[in-house]
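J.: So here's data.cif, just mmCIF, C-alpha atoms:
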data_work
#
loop_
_atom_site.label_atom_id
_atom_site.label_comp_id
_atom_site.auth_asym_id
_atom_site.auth_seq_id
_atom_site.Cartn_x
_atom_site.Cartn_y
_atom_site.Cartn_z
CA MET A 1 170.58 -132.62 175.67
CA THR A 2 171.79 -129.94 173.32
CA PHE A 3 174.80 -132.01 172.37
CA GLN A 4 172.71 -135.04 171.77
CA TRP A 5 171.22 -133.61 168.61
CA LEU A 6 174.29 -131.56 167.76
CA GLY A 7 176.08 -134.89 167.65
CA GLU A 8 173.44 -136.24 165.34
CA LEU A 9 174.16 -133.38 162.99
CA ALA A 10 177.72 -134.60 162.47
CA VAL A 11 176.34 -137.91 161.27
CA TRP A 12 174.16 -136.22 158.68
CA LEU A 13 177.16 -134.30 157.40
CA THR A 14 178.69 -137.24 155.60
CA GLY A 15 179.29 -136.82 151.91
CA TRP A 16 176.11 -135.31 150.41
CA ALA A 17 176.03 -133.01 147.44
CA ILE A 18 173.95 -130.32 149.20
CA PRO A 19 175.30 -128.44 152.25
CA GLY A 20 175.43 -130.77 155.27
CA PRO A 21 173.55 -128.53 157.72
CA LEU A 22 170.78 -128.01 155.15
CA MET A 23 170.46 -131.75 154.77
CA GLY A 24 170.31 -131.98 158.56
CA MET A 25 167.50 -129.43 158.58
CA LEU A 26 165.51 -131.41 156.01
CA ILE A 27 165.93 -134.62 157.99
CA LEU A 28 164.87 -132.94 161.22
CA LEU A 29 161.91 -131.35 159.42
CA LEU A 30 160.86 -134.73 158.11
CA ALA A 31 161.18 -136.25 161.58
CA LEU A 32 159.14 -133.43 163.12
CA THR A 33 156.23 -133.96 160.73
CA PHE A 34 155.67 -137.30 162.45
CA VAL A 35 155.40 -135.84 165.95
CA ASP A 36 152.56 -133.68 167.17
CA ARG A 37 154.71 -130.97 168.70
CA PRO A 38 158.49 -130.54 168.83
CA MET A 39 159.85 -131.75 172.17
CA GLU A 40 160.37 -129.09 174.81
CA PHE A 41 164.16 -129.18 174.80
CA LEU A 42 164.29 -129.01 171.02
CA ASP A 43 161.99 -126.02 171.05
CA GLN A 44 164.10 -124.21 173.65
CA THR A 45 167.46 -125.02 172.11
CA SER A 46 166.44 -124.06 168.59
CA GLY A 47 164.79 -120.87 169.86
CA LEU A 48 167.96 -119.87 171.66
CA LEU A 49 170.16 -120.57 168.64
CA ILE A 50 167.88 -118.73 166.19
CA GLN A 51 167.56 -115.68 168.45
CA ASN A 52 171.34 -115.32 168.51
CA LEU A 53 171.85 -115.90 164.82
CA SER A 54 173.24 -112.40 164.24
CA LEU A 55 176.06 -113.03 166.73
CA MET A 56 177.24 -116.08 164.79
CA PHE A 57 177.48 -114.05 161.59
CA ILE A 58 179.81 -111.50 163.13
CA PRO A 59 183.14 -113.29 162.51
CA ILE A 60 182.51 -113.90 158.81
CA SER A 61 180.90 -110.46 158.30
CA VAL A 62 183.98 -108.72 159.70
CA GLY A 63 185.70 -110.26 156.68
CA ALA A 64 183.76 -107.79 154.51
CA PHE A 65 186.26 -105.15 155.67
CA PHE A 66 189.20 -107.26 154.54
CA LEU A 67 188.22 -107.94 150.93
CA SER A 68 190.45 -107.22 147.95
CA THR A 69 190.37 -103.78 146.29
CA ASP A 70 189.15 -105.52 143.15
CA ILE A 71 185.90 -106.37 144.96
CA TYR A 72 185.55 -102.88 146.44
CA GLN A 73 185.79 -101.36 142.98
CA GLN A 74 182.76 -103.42 141.96
CA PHE A 75 180.82 -102.33 145.02
CA PRO A 76 178.62 -99.66 143.36
CA ALA A 77 177.53 -102.31 140.85
CA ILE A 78 176.84 -104.82 143.62
CA LEU A 79 174.76 -102.30 145.56
CA THR A 80 172.69 -101.30 142.50
CA LEU A 81 172.20 -104.96 141.71
CA ILE A 82 170.89 -105.69 145.22
CA LEU A 83 168.54 -102.70 145.11
CA LEU A 84 167.09 -103.52 141.68
CA SER A 85 166.76 -107.27 142.03
CA THR A 86 165.29 -107.13 145.54
CA SER A 87 162.70 -104.46 144.64
CA GLY A 88 161.95 -106.30 141.42
CA VAL A 89 161.24 -109.63 143.02
CA ILE A 90 159.07 -108.12 145.79
CA LEU A 91 157.01 -106.26 143.17
CA PHE A 92 156.69 -109.44 141.13
CA MET A 93 155.48 -111.53 144.08
CA ALA A 94 153.03 -108.82 145.19
CA LEU A 95 151.49 -108.70 141.70
CA LEU A 96 151.45 -112.50 141.46
CA ILE A 97 149.54 -112.88 144.74
CA LYS A 98 147.15 -110.09 143.72
CA GLY A 99 146.54 -111.92 140.45
CA LEU A 100 145.95 -115.23 142.19
CA GLU A 101 143.50 -113.62 144.62
CA LYS A 102 141.50 -112.10 141.76
CA HIS A 103 141.46 -115.45 140.00
CA ASP A 104 139.66 -117.07 142.95
CA MET B 1 183.75 -138.75 158.45
CA ILE B 2 186.52 -138.88 161.07
CA GLU B 3 188.38 -136.16 159.18
CA LEU B 4 185.26 -134.02 159.27
CA ILE B 5 184.89 -134.39 163.03
CA GLN B 6 188.59 -133.62 163.49
CA GLN B 7 188.24 -130.53 161.32
CA GLN B 8 185.23 -129.29 163.31
CA TRP B 9 187.01 -130.07 166.59
CA LEU B 10 189.98 -127.96 165.50
CA GLN B 11 187.60 -125.18 164.46
CA VAL B 12 185.98 -125.11 167.90
CA THR B 13 189.16 -125.53 169.93
CA GLY B 14 190.89 -122.80 167.90
CA SER B 15 188.68 -120.28 169.68
CA SER B 16 190.53 -117.70 171.73
CA TRP B 17 190.07 -114.40 173.57
CA LEU B 18 189.27 -112.82 170.21
CA LEU B 19 185.80 -114.31 170.62
CA GLY B 20 185.28 -111.77 173.39
CA LEU B 21 185.76 -109.02 170.82
CA SER B 22 182.76 -110.35 168.87
CA LEU B 23 180.64 -110.57 172.02
CA VAL B 24 181.41 -107.00 173.05
CA GLY B 25 180.85 -105.70 169.52
CA PHE B 26 177.55 -107.54 169.31
CA ALA B 27 176.42 -106.21 172.69
CA ILE B 28 177.10 -102.63 171.55
CA GLY B 29 175.30 -103.21 168.23
CA LEU B 30 172.30 -104.85 169.86
CA THR B 31 171.91 -102.13 172.49
CA LEU B 32 171.99 -99.39 169.87
CA TYR B 33 169.51 -101.29 167.66
CA ARG B 34 167.02 -101.83 170.51
CA ARG B 35 167.35 -98.23 171.75
CA SER B 36 166.59 -96.94 168.25
CA GLY B 37 163.40 -99.01 168.05
CA SER B 38 164.83 -101.61 165.65
CA ARG B 39 165.71 -99.36 162.74
CA ALA B 40 166.85 -101.39 159.74
CA PHE B 41 169.97 -99.36 158.98
CA LEU B 42 171.14 -99.79 162.57
CA HIS B 43 171.06 -103.59 162.34
CA PRO B 44 173.50 -105.05 164.96
CA LEU B 45 175.69 -106.53 162.22
CA LEU B 46 176.06 -103.16 160.46
CA VAL B 47 177.07 -101.48 163.73
CA SER B 48 179.28 -104.12 165.33
CA THR B 49 181.37 -105.29 162.36
CA PRO B 50 182.99 -101.89 161.56
CA ILE B 51 183.86 -101.50 165.26
CA ILE B 52 185.52 -104.92 165.36
CA ALA B 53 187.27 -104.40 162.02
CA GLY B 54 188.53 -101.02 163.24
CA LEU B 55 189.92 -102.54 166.42
CA LEU B 56 191.64 -105.28 164.41
CA TYR B 57 193.31 -102.68 162.17
CA LEU B 58 194.39 -100.63 165.19
CA SER B 59 195.83 -103.63 166.99
CA ASN B 60 197.53 -104.94 163.85
CA LEU B 61 195.73 -108.26 163.99
CA GLY B 62 194.91 -109.99 160.74
CA PHE B 63 191.45 -111.18 159.77
CA ASP B 64 192.60 -114.81 159.59
CA GLN B 65 193.78 -114.74 163.18
CA TYR B 66 190.51 -113.17 164.32
CA TYR B 67 188.42 -115.62 162.31
CA GLN B 68 190.27 -118.62 163.74
CA GLY B 69 189.81 -117.26 167.24
CA ASN B 70 186.06 -117.18 166.65
CA GLY B 71 185.75 -120.76 165.43
CA LEU B 72 183.09 -121.61 168.00
CA LEU B 73 180.69 -118.94 166.73
CA SER B 74 181.10 -119.94 163.10
CA TRP B 75 180.69 -123.58 163.98
CA LEU B 76 177.36 -122.85 165.69
CA LEU B 77 175.93 -121.80 162.32
CA GLY B 78 175.62 -125.45 161.31
CA PRO B 79 173.42 -126.55 164.23
CA THR B 80 171.42 -123.31 163.87
CA THR B 81 170.62 -124.12 160.25
CA VAL B 82 169.32 -127.46 161.45
CA ALA B 83 167.35 -125.66 164.18
CA LEU B 84 165.40 -123.68 161.55
CA ALA B 85 163.43 -126.89 160.99
CA VAL B 86 161.65 -126.41 164.34
CA PRO B 87 159.76 -123.14 163.62
CA LEU B 88 159.23 -124.36 160.06
CA SER B 89 157.60 -127.60 161.18
CA LYS B 90 155.05 -125.61 163.19
CA GLN B 91 153.91 -123.85 160.01
CA MET B 92 153.69 -126.96 157.87
CA ARG B 93 150.21 -127.78 159.21
CA GLN B 94 148.70 -124.62 157.73
CA LEU B 95 150.19 -125.37 154.38
CA PRO B 96 147.65 -127.67 152.64
CA ALA B 97 144.86 -125.05 152.47
CA LEU B 98 147.12 -122.39 150.99
CA LEU B 99 149.31 -124.70 149.00
CA ARG B 100 148.72 -123.17 145.58
CA THR B 101 149.57 -119.56 146.42
CA VAL B 102 152.45 -120.49 148.73
CA SER B 103 154.10 -122.93 146.35
CA LEU B 104 153.67 -120.73 143.27
CA THR B 105 155.08 -117.70 145.08
CA VAL B 106 158.04 -119.59 146.52
CA LEU B 107 158.90 -121.36 143.28
CA THR B 108 158.69 -118.31 141.00
CA GLY B 109 159.81 -115.72 143.58
CA GLY B 110 162.88 -117.66 144.68
CA PHE B 111 163.85 -118.32 141.09
CA ILE B 112 163.35 -114.74 139.91
CA ALA B 113 165.28 -113.34 142.88
CA ALA B 114 168.33 -115.37 141.87
CA ALA B 115 167.88 -114.95 138.10
CA LEU B 116 167.51 -111.16 138.39
CA ALA B 117 170.63 -110.89 140.53
CA LEU B 118 172.66 -113.07 138.17
CA GLY B 119 171.32 -111.28 135.07
CA LEU B 120 172.23 -107.89 136.51
CA ALA B 121 175.67 -109.20 137.48
CA VAL B 122 176.27 -110.16 133.86
CA LEU B 123 174.87 -106.82 132.68
CA PHE B 124 177.18 -104.88 135.02
CA ASN B 125 180.05 -107.09 133.95
CA THR B 126 181.13 -108.02 137.47
CA SER B 127 183.94 -110.52 137.95
CA GLU B 128 183.15 -114.22 138.13
CA VAL B 129 183.88 -114.45 141.84
CA VAL B 130 181.39 -111.62 142.53
CA LEU B 131 178.76 -113.37 140.43
CA LEU B 132 179.27 -116.56 142.43
CA SER B 133 179.09 -114.63 145.69
CA ILE B 134 175.80 -112.81 145.03
CA ALA B 135 173.77 -115.70 143.58
CA ALA B 136 172.38 -116.85 146.93
CA LYS B 137 171.50 -113.33 148.11
CA SER B 138 167.83 -113.89 149.01
CA VAL B 139 168.51 -117.00 151.08
CA THR B 140 168.95 -116.92 154.84
CA THR B 141 172.67 -116.58 155.70
CA PRO B 142 173.48 -120.07 157.09
CA ILE B 143 172.01 -121.70 153.98
CA ALA B 144 173.45 -119.02 151.68
CA MET B 145 176.92 -119.69 153.11
CA GLY B 146 176.54 -123.41 152.46
CA ILE B 147 175.44 -122.80 148.87
CA THR B 148 178.10 -120.15 148.19
CA ASP B 149 180.81 -122.37 149.61
CA GLN B 150 179.86 -125.08 147.14
CA LEU B 151 179.64 -122.65 144.22
CA GLY B 152 183.13 -121.40 145.06
CA GLY B 153 182.15 -117.81 145.94
CA LEU B 154 183.49 -115.62 148.75
CA LEU B 155 181.86 -116.28 152.13
CA THR B 156 182.93 -112.86 153.39
CA LEU B 157 181.08 -111.19 150.49
CA ILE B 158 177.86 -113.24 150.52
CA THR B 159 177.18 -112.46 154.20
CA LEU B 160 177.39 -108.74 153.45
CA VAL B 161 175.24 -109.11 150.31
CA VAL B 162 172.62 -111.14 152.19
CA LEU B 163 172.54 -108.55 154.97
CA LEU B 164 172.13 -105.63 152.54
CA THR B 165 169.45 -107.54 150.63
CA GLY B 166 167.47 -108.00 153.84
CA ILE B 167 167.73 -104.32 154.72
CA VAL B 168 166.76 -103.16 151.22
CA GLY B 169 163.93 -105.69 151.27
CA ILE B 170 162.26 -104.41 154.43
CA LEU B 171 162.78 -100.80 153.34
CA VAL B 172 161.06 -101.15 149.94
CA ALA B 173 158.47 -103.80 150.88
CA GLU B 174 156.15 -101.40 152.75
CA THR B 175 155.82 -99.07 149.76
CA ILE B 176 155.23 -101.95 147.37
CA PHE B 177 152.59 -103.52 149.64
CA LYS B 178 150.76 -100.19 149.77
CA ARG B 179 150.94 -99.54 146.04
CA THR B 180 149.83 -103.04 145.06
CA GLY B 181 147.24 -103.34 147.83
CA ILE B 182 148.65 -106.40 149.58
CA VAL B 183 146.95 -106.07 152.98
CA ASP B 184 146.75 -109.73 154.05
CA GLU B 185 149.48 -110.19 156.67
CA ARG B 186 150.01 -113.79 155.66
CA TRP B 187 151.11 -112.75 152.17
CA GLN B 188 153.13 -109.81 153.44
CA GLY B 189 154.99 -112.27 155.66
CA LEU B 190 155.50 -114.78 152.89
CA ILE B 191 156.97 -112.14 150.55
CA LEU B 192 159.23 -110.75 153.28
CA GLY B 193 160.54 -114.22 154.08
CA ILE B 194 161.27 -115.13 150.46
CA SER B 195 162.94 -111.85 149.51
CA ALA B 196 164.46 -110.61 152.77
CA HIS B 197 165.07 -113.88 154.71
CA ALA B 198 165.80 -113.57 158.46
CA ILE B 199 165.78 -109.77 158.50
CA GLY B 200 162.41 -109.76 156.74
CA THR B 201 161.22 -112.42 159.18
CA ALA B 202 162.26 -110.37 162.20
CA ARG B 203 160.39 -107.44 160.68
CA ALA B 204 157.36 -109.66 160.05
CA PHE B 205 157.31 -110.78 163.69
CA ASP B 206 157.19 -107.08 164.63
CA LYS B 207 153.90 -106.83 162.70
CA SER B 208 152.22 -109.94 164.11
CA PRO B 209 153.05 -113.56 165.04
CA ARG B 210 151.01 -114.73 162.06
CA CYS B 211 152.95 -112.51 159.66
CA GLY B 212 156.19 -113.81 161.21
CA ALA B 213 155.10 -117.41 160.89
CA PHE B 214 154.45 -117.02 157.17
CA SER B 215 157.74 -115.24 156.77
CA THR B 216 159.53 -118.18 158.43
CA LEU B 217 157.72 -120.47 156.03
CA GLY B 218 158.73 -118.40 152.97
CA MET B 219 162.34 -118.15 154.17
CA GLY B 220 162.68 -121.87 154.90
CA LEU B 221 161.04 -123.11 151.71
CA ASN B 222 162.99 -120.64 149.58
CA GLY B 223 166.24 -121.78 151.22
CA ILE B 224 165.56 -125.39 150.31
CA TRP B 225 164.29 -124.57 146.81
CA THR B 226 167.18 -122.23 145.96
CA SER B 227 169.82 -124.73 147.08
CA LEU B 228 168.30 -127.19 144.59
CA PHE B 229 168.17 -125.06 141.42
CA LEU B 230 170.96 -122.53 141.97
CA PRO B 231 174.00 -124.62 141.02
CA SER B 232 172.54 -125.35 137.56
CA LEU B 233 171.24 -121.79 137.07
CA VAL B 234 174.63 -120.29 137.90
CA GLY B 235 176.19 -122.59 135.30
CA LEU B 236 174.02 -120.95 132.62
CA PHE B 237 175.16 -117.45 133.53
CA LEU B 238 178.85 -118.31 133.63
CA ASN B 239 179.08 -119.00 129.92
#
In structure tokens, write the structure found in this file.

T.:
Amino acid sequence: MTFQWLGELAVWLTGWAIPGPLMGMLILLLALTFVDRPMEFLDQTSGLLIQNLSLMFIPISVGAFFLSTDIYQQFPAILTLILLSTSGVILFMALLIKGLEKHD
Amino acid sequence: MIELIQQQWLQVTGSSWLLGLSLVGFAIGLTLYRRSGSRAFLHPLLVSTPIIAGLLYLSNLGFDQYYQGNGLLSWLLGPTTVALAVPLSKQMRQLPALLRTVSLTVLTGGFIAAALALGLAVLFNTSEVVLLSIAAKSVTTPIAMGITDQLGGLLTLITLVVLLTGIVGILVAETIFKRTGIVDERWQGLILGISAHAIGTARAFDKSPRCGAFSTLGMGLNGIWTSLFLPSLVGLFLN
């Protein structure tokens, strides 16, 4: 059953401009809006996959320890950038929602 | 199409005993994370990857060899991205009533997250490849990897950047919610999902299922939205 829809994924992957799996997600989302509840097996399979998401990131994340020195030299800048932009956008959204609530 | 299937087949069949290394590393990371009561800085990825990298250095194995041996795990990311549609579809029903706040927050929040990161990258004068590899930082990793791959950034860097973004996000969000008086769990969840993707969503589910559901919604919508505008936005910052 799992492979049934995994196989379907491969079909979606053909030559689109946006990432294939993302396109697959959109198509599945569209399909699911027409059913009342996702089928049992779909629910279980997707739950299992999503719960183990971290495991699938391990191989590529290990690559972070094998980057070029050029990238490591820029690391303080990258870290500051993450800190500032993430805090900034959370603050912005919090204020936006507060503003929208007041408006109502 | 046939080439694509062949390529994926090779990726999966290239898996070897090195996959076991990932499993063991993950098990150690997960145990430590759960024992500590899910502390953000002890996220399983932050614990397990240095252990694995250390073992690879000690045993004189290259990253390429290890990565090839773990083809199955990397391949699973594709189907998992597709699987995100399932929890998302369950939240779609609540959407009409809250459409204005949700759509405005996702559209502006997702855009500002990327624009701020790119602007700061230009300000700090980082190299072009770094700029391309941080653009998708607020998007959940499987989608971020897809986007970064198309932009021509480094997949090994974006996963780290996405992970750090998620950790920073859940660390600063509490303070900001308190200061700005965001008490509604639906909005807390939405903000966590947009800014801190899956890590924010896991955190949101710790608070309440409702908070988690809105976080899933924010994460999913932002992933779709960002993949649409990011390629053109990045083009602006490259010149």

J.: Contacts of range 61-67 of chain B at 7 Å or less, counting only C-alpha atoms, minus same-chain residues fewer than 2 places along, as a list in words?

T.: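 Contacts, with the query itself left out: Pro59, Gly63 and Phe66 of chain A; Leu18, Leu56, Tyr57, Ser59, Gly69, Asn70 and Gly71 of chain B.
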
J.: For CA of Phe75 in chain A and CA of Gly109 in chain B, quote the distance in Å rounded to one decimal.

T.: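 CA of Gly109 in chain B lies 25.0 Å from CA of Phe75 in chain A.
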
J.: Between CA of Gly24 in chain A and CA of Thr81 in chain B, what distance in Å does the model show, to one decimal?

T.: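 If I compute the distance from CA of Gly24 in chain A to CA of Thr81 in chain B, I get 8.0 Å.
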
J.: Would you translate the PyMOL selection byres ((chain B and resi 84) around 8) into the concrete set of residues it matches in this file, as JSON, numbers by chain?

T.: {"A": [25, 46, 50], "B": [80, 81, 82, 83, 85, 86, 87, 88, 220]}

J.: Check the smallest atom-to-atom distance from each of B:Trp187, B:Trp9, B:Phe237, B:Trp17 to chain A using only C-alpha atoms, then report the winner.

T.: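 Nearest candidate to chain A out of B:Trp187, B:Trp9, B:Phe237, B:Trp17: B:Trp187.
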
J.: As an exercise, work out the distance from CA of Met219 in chain B to CA of Ile191 in chain B in Å and give it to one decimal place.

T.: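 Rounded to one decimal, the two atoms are 8.8 Å apart.
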
J.: Which residue gives the smallest distance to Pro142 in chain B among B:Leu192, B:Leu30, B:Ala204, B:Ile224, with only C-alpha atoms counted?

T.: B:Ile224
